[in-house]
Amino acid sequence: MTKRGPRIHARGVNRRKVTLVTLAALLAVGVAGCGVEKYSEPWRDAPRSGTDNGAATVFTMPDGFGNGATKCLEGTGVRVTTLYHQDGAYGSVSTILDPACN
């Protein structure tokens, strides 16, 4: 038998490497699943010509079924109405040409 020198136990090093590679893979999958595309191009909204922060008339139905808001968009002759059902995830939007909105 010949002596080859002190034996180095690489078991702990291998476990550490496997753990780090696994965590890196999980992180990569997590980031890919989060929709990185949306974060790389954050301004993908439609172009706007301006903002109308004027007051709206807010109303609630008498039975508490839902609520809504309506307002005239300045200088367009268009009335916009939005309706929501309690805390529901969906609502509705209506736009009409209204002669009273001048």
# chains A, B, ... in the order shown; residues from 1 in each chain; ligands from 1
call {"tool": "residues_around", "arguments": {"residues": "range 57-71 of chain A", "least_positions_apart": "5", "cutoff": "10 Å", "atoms": "only C-alpha atoms", "output": "list in words"}}
result
Val78, Arg79, Val80, Thr81, Thr82, Leu83, Tyr84, His85, Gln86, Asp87, Gly88, Gly91, Ser92, Val93, Ser94, Thr95 and Cys101 of chain A
call {"tool": "write_last_selection", "arguments": {"atoms": "C-alpha atoms", "output": "PDB file, in the first residue's frame"}}
result
ATOM      1  CA  VAL A  78     -68.982  61.818 -24.712  1.00  0.00           C
ATOM      2  CA  ARG A  79     -70.470  60.489 -21.478  1.00  0.00           C
ATOM      3  CA  VAL A  80     -68.638  57.598 -19.798  1.00  0.00           C
ATOM      4  CA  THR A  81     -70.419  55.392 -17.268  1.00  0.00           C
ATOM      5  CA  THR A  82     -68.845  52.590 -15.246  1.00  0.00           C
ATOM      6  CA  LEU A  83     -70.764  50.033 -13.190  1.00  0.00           C
ATOM      7  CA  TYR A  84     -69.444  47.589 -10.607  1.00  0.00           C
ATOM      8  CA  HIS A  85     -71.074  44.813  -8.617  1.00  0.00           C
ATOM      9  CA  GLN A  86     -69.967  45.061  -4.987  1.00  0.00           C
ATOM     10  CA  ASP A  87     -66.339  43.875  -4.727  1.00  0.00           C
ATOM     11  CA  GLY A  88     -66.577  41.779  -7.886  1.00  0.00           C
ATOM     12  CA  GLY A  91     -67.516  45.708 -14.152  1.00  0.00           C
ATOM     13  CA  SER A  92     -68.863  47.342 -17.279  1.00  0.00           C
ATOM     14  CA  VAL A  93     -68.090  50.534 -19.162  1.00  0.00           C
ATOM     15  CA  SER A  94     -70.419  52.454 -21.439  1.00  0.00           C
ATOM     16  CA  THR A  95     -69.638  55.418 -23.680  1.00  0.00           C
ATOM     17  CA  CYS A 101     -71.838  67.013 -22.669  1.00  0.00           C
TER      18      CYS A 101
END
